Amino acid sequence: MPGKSLKLYIISGERSGDMHASNLVLALKAKEPRIEVRGRGKFSKEAGVQLAVDYGQVALMGFLEVVLGFRKVLKYLNLVKKDILEYRPDGIVLVDYGGFNMKIAEFAKGHGIPVHYYIPPKVWAWNQKRAFKLKKFTDHVYSILPFEPAFFKSYEMDVNYVGNPLFDEIKKFTPHDFSFKKMKLIISQSLHCFLGVGPKK
């Protein structure tokens with residue numbers, strides 16, 4: 001009798017996070033086709049993610065809290081929490097999107113759901129004390145920046161460096177003739193300006 005399929009809940013925010021989340025889902029499904037994933041986003045949907053509530057409107061969480069009011073942000077946060085409890089995932093995968101996802105991490109941890117953070121908040125850039133919360137509310141952290149594991153080591157955290165997904169996107173890019181022509185024109189104009197002779201007419 002086949003075993004139970006793994007259920008994951010993945011949360012990303014802005015377009016880039018959604019792109020990284022979709023690539024992660026595709027990689028996971030390549031290793032385990034029976035895996036079930038719920039979340040949101042155009043790219044994530046194309047990767048086979050079951051779409052949940054639309055909380056993309058809180059991508060710029062801090063800004064919206066001021067402009068639209070905390071209550072509206074709280075409404076979306078509560079919708080996601082409710083959906084997580086109804087879905088009952090085996091684990092939650094958080095992708096970037098620190099303002100929103102750290103709240104979800106705390107919530108999930110409080111309900112005994114394992115938390116995996118892919119592309120963690122850049123706590124080394126400001127308010128480094130946030131690293132303590134990251135440690136408290138996550139089970140595994142996966143970094144795309146090579147210096148982060150050493151930084152988090154000082155907080156007694158074992159962070160895995162998994163490489164930068166942007167390199168994968170660059171490999172997928174196929175330039176066409178227009179791209180080469182435009183690039184050639186930009187380089188030519190830049191050289192003329194640098195040499196102080198001005199573009200040819």
# chains A, B, ... in the order shown; residues from 1 in each chain; ligands from 1

call {"tool": "closest_atom_pairs", "arguments": {"of": "stretch 68-140 of chain A", "to": "stretch 156-161 of chain A", "cutoff": "12 Å", "atoms": "only C-alpha atoms", "output": "CSV"}}
result
residue,atom,partner,partner_atom,distance
A:His116,CA,A:Val159,CA,10.8
A:Tyr117,CA,A:Val159,CA,9.8
A:Tyr118,CA,A:Asn160,CA,9.6
A:Ile119,CA,A:Tyr161,CA,9.7
A:Pro120,CA,A:Val159,CA,9.8
A:Ala131,CA,A:Met157,CA,9.0
A:Phe132,CA,A:Met157,CA,9.3
A:Lys133,CA,A:Met157,CA,11.3
A:Leu134,CA,A:Met157,CA,9.2
A:Lys135,CA,A:Met157,CA,6.6
A:Lys136,CA,A:Met157,CA,9.9
A:Phe137,CA,A:Met157,CA,11.9
A:Thr138,CA,A:Met157,CA,10.1
A:Asp139,CA,A:Asp158,CA,9.7
A:His140,CA,A:Val159,CA,7.1

call {"tool": "write_last_selection", "arguments": {"atoms": "N, CA, C and O atoms", "output": "mmCIF file, in the first residue's frame"}}
result
data_model
loop_
_atom_site.group_PDB
_atom_site.id
_atom_site.type_symbol
_atom_site.label_atom_id
_atom_site.label_comp_id
_atom_site.auth_asym_id
_atom_site.auth_seq_id
_atom_site.Cartn_x
_atom_site.Cartn_y
_atom_site.Cartn_z
ATOM 1 N N HIS A 116 10.092 25.722 7.392
ATOM 2 C CA HIS A 116 11.298 25.799 6.563
ATOM 3 C C HIS A 116 11.329 27.182 5.924
ATOM 4 O O HIS A 116 10.363 27.580 5.267
ATOM 5 N N TYR A 117 12.426 27.917 6.125
ATOM 6 C CA TYR A 117 12.520 29.272 5.560
ATOM 7 C C TYR A 117 13.565 29.294 4.446
ATOM 8 O O TYR A 117 14.754 29.107 4.681
ATOM 9 N N TYR A 118 13.092 29.526 3.222
ATOM 10 C CA TYR A 118 13.954 29.624 2.042
ATOM 11 C C TYR A 118 14.095 31.105 1.694
ATOM 12 O O TYR A 118 13.111 31.791 1.476
ATOM 13 N N ILE A 119 15.314 31.601 1.663
ATOM 14 C CA ILE A 119 15.632 33.024 1.480
ATOM 15 C C ILE A 119 15.131 33.807 2.697
ATOM 16 O O ILE A 119 14.089 34.488 2.654
ATOM 17 N N PRO A 120 15.820 33.694 3.814
ATOM 18 C CA PRO A 120 15.386 34.338 5.057
ATOM 19 C C PRO A 120 15.524 35.855 5.016
ATOM 20 O O PRO A 120 16.201 36.405 4.141
ATOM 21 N N ALA A 131 17.364 37.958 14.282
ATOM 22 C CA ALA A 131 17.907 36.613 14.112
ATOM 23 C C ALA A 131 17.433 35.685 15.229
ATOM 24 O O ALA A 131 17.249 34.478 15.016
ATOM 25 N N PHE A 132 17.226 36.237 16.410
ATOM 26 C CA PHE A 132 16.754 35.425 17.532
ATOM 27 C C PHE A 132 15.339 34.907 17.271
ATOM 28 O O PHE A 132 15.009 33.765 17.586
ATOM 29 N N LYS A 133 14.493 35.749 16.662
ATOM 30 C CA LYS A 133 13.141 35.320 16.320
ATOM 31 C C LYS A 133 13.167 34.277 15.204
ATOM 32 O O LYS A 133 12.397 33.318 15.223
ATOM 33 N N LEU A 134 14.060 34.494 14.257
ATOM 34 C CA LEU A 134 14.190 33.544 13.157
ATOM 35 C C LEU A 134 14.584 32.175 13.696
ATOM 36 O O LEU A 134 14.065 31.138 13.271
ATOM 37 N N LYS A 135 15.488 32.180 14.638
ATOM 38 C CA LYS A 135 15.938 30.928 15.257
ATOM 39 C C LYS A 135 14.797 30.267 16.036
ATOM 40 O O LYS A 135 14.612 29.048 15.977
ATOM 41 N N LYS A 136 14.035 31.063 16.739
ATOM 42 C CA LYS A 136 12.970 30.554 17.600
ATOM 43 C C LYS A 136 11.811 29.958 16.811
ATOM 44 O O LYS A 136 11.224 28.937 17.215
ATOM 45 N N PHE A 137 11.476 30.572 15.677
ATOM 46 C CA PHE A 137 10.263 30.182 14.963
ATOM 47 C C PHE A 137 10.487 29.364 13.695
ATOM 48 O O PHE A 137 9.548 29.152 12.921
ATOM 49 N N THR A 138 11.722 28.918 13.453
ATOM 50 C CA THR A 138 11.981 28.087 12.273
ATOM 51 C C THR A 138 12.685 26.788 12.677
ATOM 52 O O THR A 138 13.333 26.720 13.719
ATOM 53 N N ASP A 139 12.540 25.787 11.820
ATOM 54 C CA ASP A 139 13.224 24.515 12.042
ATOM 55 C C ASP A 139 14.432 24.371 11.123
ATOM 56 O O ASP A 139 15.447 23.799 11.504
ATOM 57 N N HIS A 140 14.306 24.883 9.905
ATOM 58 C CA HIS A 140 15.399 24.833 8.935
ATOM 59 C C HIS A 140 15.409 26.130 8.135
ATOM 60 O O HIS A 140 14.357 26.637 7.746
#

call {"tool": "residues_around", "arguments": {"residues": "stretch 33-39 of chain A", "least_positions_apart": "4", "cutoff": "8 Å", "atoms": "only C-alpha atoms", "output": "list of chain:residue names"}}
result
A:Ser5, A:Leu6, A:Lys7, A:Leu8, A:Tyr9, A:Ile10, A:Ile11, A:Val25, A:Leu28, A:Lys29, A:Ser44, A:Gly48, A:Val49, A:Gln50, A:Leu51, A:Ala52, A:Val53

call {"tool": "write_last_selection", "arguments": {"atoms": "N, CA, C and O atoms", "output": "compact mmCIF listing (two decimals), in the first residue's frame"}}
result
# COMPACT_ATOMS: atom_id res chain seq x y z
N SER A 5 0.98 10.85 0.89
CA SER A 5 1.72 11.89 0.17
C SER A 5 2.01 13.06 1.11
O SER A 5 1.22 13.37 2.01
N LEU A 6 3.14 13.71 0.90
CA LEU A 6 3.55 14.84 1.72
C LEU A 6 2.78 16.09 1.33
O LEU A 6 2.63 16.39 0.14
N LYS A 7 2.28 16.82 2.31
CA LYS A 7 1.54 18.06 2.05
C LYS A 7 2.34 19.25 2.56
O LYS A 7 2.70 19.30 3.74
N LEU A 8 2.61 20.20 1.68
CA LEU A 8 3.35 21.41 2.05
C LEU A 8 2.51 22.64 1.76
O LEU A 8 1.69 22.65 0.84
N TYR A 9 2.74 23.67 2.54
CA TYR A 9 2.09 24.97 2.33
C TYR A 9 3.21 25.97 2.07
O TYR A 9 4.09 26.15 2.92
N ILE A 10 3.21 26.60 0.91
CA ILE A 10 4.30 27.50 0.55
C ILE A 10 3.79 28.94 0.44
O ILE A 10 2.73 29.19 -0.14
N ILE A 11 4.54 29.86 1.02
CA ILE A 11 4.12 31.26 1.04
C ILE A 11 5.23 32.16 0.50
O ILE A 11 6.33 32.19 1.04
N VAL A 25 9.18 24.39 -6.06
CA VAL A 25 8.12 23.38 -6.17
C VAL A 25 8.42 22.41 -7.30
O VAL A 25 8.25 21.19 -7.16
N LEU A 28 11.06 20.03 -6.16
CA LEU A 28 10.53 19.07 -5.19
C LEU A 28 9.69 18.01 -5.88
O LEU A 28 9.78 16.81 -5.56
N LYS A 29 8.87 18.43 -6.84
CA LYS A 29 8.00 17.49 -7.55
C LYS A 29 8.80 16.56 -8.44
O LYS A 29 8.38 15.43 -8.72
N SER A 44 3.67 30.04 -9.25
CA SER A 44 3.46 28.88 -8.39
C SER A 44 2.33 28.02 -8.91
O SER A 44 2.39 26.78 -8.89
N GLY A 48 2.17 23.89 -10.40
CA GLY A 48 1.33 22.85 -9.82
C GLY A 48 0.87 23.09 -8.40
O GLY A 48 0.40 22.17 -7.73
N VAL A 49 0.99 24.34 -7.94
CA VAL A 49 0.56 24.66 -6.58
C VAL A 49 -0.95 24.92 -6.56
O VAL A 49 -1.47 25.62 -7.41
N GLN A 50 -1.64 24.34 -5.57
CA GLN A 50 -3.06 24.61 -5.38
C GLN A 50 -3.18 26.02 -4.83
O GLN A 50 -2.61 26.34 -3.80
N LEU A 51 -3.94 26.87 -5.51
CA LEU A 51 -4.05 28.25 -5.08
C LEU A 51 -4.92 28.38 -3.84
O LEU A 51 -5.98 27.79 -3.74
N ALA A 52 -4.44 29.19 -2.90
CA ALA A 52 -5.18 29.46 -1.66
C ALA A 52 -5.75 30.86 -1.72
O ALA A 52 -6.01 31.40 -2.79
N VAL A 53 -5.92 31.51 -0.58
CA VAL A 53 -6.42 32.87 -0.55
C VAL A 53 -5.41 33.82 -1.18
O VAL A 53 -4.21 33.55 -1.20

call {"tool": "select_by_dssp", "arguments": {"residues": "stretch 27-162 of chain A", "states": "strand (DSSP E)", "output": "tab-separated table (two decimals) with N, CA, C and O atoms, in the first residue's frame"}}
result
chain	number	residue	atom	x	y	z
A	36	GLU	N	2.01	17.19	-2.46
A	36	GLU	CA	0.91	18.16	-2.61
A	36	GLU	C	1.36	19.49	-2.04
A	36	GLU	O	1.88	19.55	-0.93
A	37	VAL	N	1.15	20.56	-2.82
A	37	VAL	CA	1.59	21.89	-2.37
A	37	VAL	C	0.45	22.89	-2.55
A	37	VAL	O	-0.18	22.95	-3.59
A	38	ARG	N	0.23	23.66	-1.51
A	38	ARG	CA	-0.80	24.70	-1.55
A	38	ARG	C	-0.12	26.05	-1.31
A	38	ARG	O	0.85	26.14	-0.57
A	39	GLY	N	-0.64	27.10	-1.93
A	39	GLY	CA	-0.04	28.42	-1.79
A	39	GLY	C	-0.70	29.42	-2.70
A	39	GLY	O	-1.92	29.41	-2.85
A	50	GLN	N	-1.64	24.34	-5.57
A	50	GLN	CA	-3.06	24.61	-5.38
A	50	GLN	C	-3.18	26.02	-4.83
A	50	GLN	O	-2.61	26.34	-3.80
A	51	LEU	N	-3.94	26.87	-5.51
A	51	LEU	CA	-4.05	28.25	-5.08
A	51	LEU	C	-4.92	28.38	-3.84
A	51	LEU	O	-5.98	27.79	-3.74
A	91	GLY	N	4.29	20.50	6.61
A	91	GLY	CA	5.34	21.50	6.81
A	91	GLY	C	4.99	22.76	6.04
A	91	GLY	O	4.20	22.74	5.10
A	92	ILE	N	5.57	23.87	6.47
A	92	ILE	CA	5.37	25.15	5.80
A	92	ILE	C	6.70	25.62	5.24
A	92	ILE	O	7.73	25.56	5.92
A	93	VAL	N	6.68	26.09	3.99
A	93	VAL	CA	7.87	26.63	3.35
A	93	VAL	C	7.65	28.12	3.13
A	93	VAL	O	6.73	28.52	2.40
A	94	LEU	N	8.46	28.94	3.76
A	94	LEU	CA	8.36	30.38	3.63
A	94	LEU	C	9.45	30.87	2.68
A	94	LEU	O	10.61	30.47	2.80
A	95	VAL	N	9.08	31.71	1.74
A	95	VAL	CA	10.03	32.20	0.74
A	95	VAL	C	10.11	33.73	0.83
A	95	VAL	O	9.16	34.44	0.48
A	115	VAL	N	8.63	24.46	10.26
A	115	VAL	CA	8.79	25.66	9.43
A	115	VAL	C	10.14	25.64	8.72
A	115	VAL	O	11.19	25.55	9.36
A	116	HIS	N	10.09	25.72	7.39
A	116	HIS	CA	11.30	25.80	6.56
A	116	HIS	C	11.33	27.18	5.92
A	116	HIS	O	10.36	27.58	5.27
A	117	TYR	N	12.43	27.92	6.13
A	117	TYR	CA	12.52	29.27	5.56
A	117	TYR	C	13.57	29.29	4.45
A	117	TYR	O	14.75	29.11	4.68
A	118	TYR	N	13.09	29.53	3.22
A	118	TYR	CA	13.95	29.62	2.04
A	118	TYR	C	14.09	31.11	1.69
A	118	TYR	O	13.11	31.79	1.48
A	140	HIS	N	14.31	24.88	9.91
A	140	HIS	CA	15.40	24.83	8.94
A	140	HIS	C	15.41	26.13	8.14
A	140	HIS	O	14.36	26.64	7.75
A	141	VAL	N	16.61	26.65	7.87
A	141	VAL	CA	16.75	27.88	7.09
A	141	VAL	C	17.71	27.61	5.93
A	141	VAL	O	18.77	26.99	6.10
A	142	TYR	N	17.31	28.05	4.74
A	142	TYR	CA	18.10	27.83	3.52
A	142	TYR	C	18.45	29.17	2.90
A	142	TYR	O	17.56	29.94	2.50
A	143	SER	N	19.73	29.46	2.79
A	143	SER	CA	20.20	30.76	2.33
A	143	SER	C	20.69	30.71	0.88
A	143	SER	O	21.20	29.69	0.41
A	159	VAL	N	22.54	27.15	9.24
A	159	VAL	CA	21.85	27.58	8.02
A	159	VAL	C	22.54	26.96	6.82
A	159	VAL	O	23.77	26.97	6.72
A	160	ASN	N	21.75	26.40	5.92
A	160	ASN	CA	22.29	25.75	4.73
A	160	ASN	C	22.36	26.72	3.56
A	160	ASN	O	21.35	27.38	3.23
A	161	TYR	N	23.54	26.82	2.95
A	161	TYR	CA	23.68	27.62	1.73
A	161	TYR	C	23.32	26.73	0.54
A	161	TYR	O	23.94	25.68	0.34

call {"tool": "atom_distance", "arguments": {"atom1": "atom CA of A:Gln128", "atom2": "atom CA of A:Leu79"}}
result
29.5 Å

call {"tool": "atom_distance", "arguments": {"atom1": "atom CA of A:Asn164", "atom2": "atom CA of A:Glu14"}}
result
17.3 Å

call {"tool": "closest_residue", "arguments": {"among": "A:Ile113, A:Met102, A:Ile144, A:Ala108", "to": "A:Lys81", "atoms": "only C-alpha atoms"}}
result
A:Ala108

call {"tool": "atom_distance", "arguments": {"atom1": "atom CA of A:Asp90", "atom2": "atom CA of A:Met19"}}
result
22.6 Å

call {"tool": "closest_residue", "arguments": {"among": "A:Tyr87, A:Tyr97, A:Tyr76, A:Phe151", "to": "A:His20", "atoms": "only C-alpha atoms"}}
result
A:Tyr97

call {"tool": "select_by_dssp", "arguments": {"residues": "stretch 85-181 of chain A", "states": "alpha helix (DSSP H)", "output": "ChimeraX atom specification"}}
result
/A:85-87,98-110,130-137,148-153,166-172,177-181
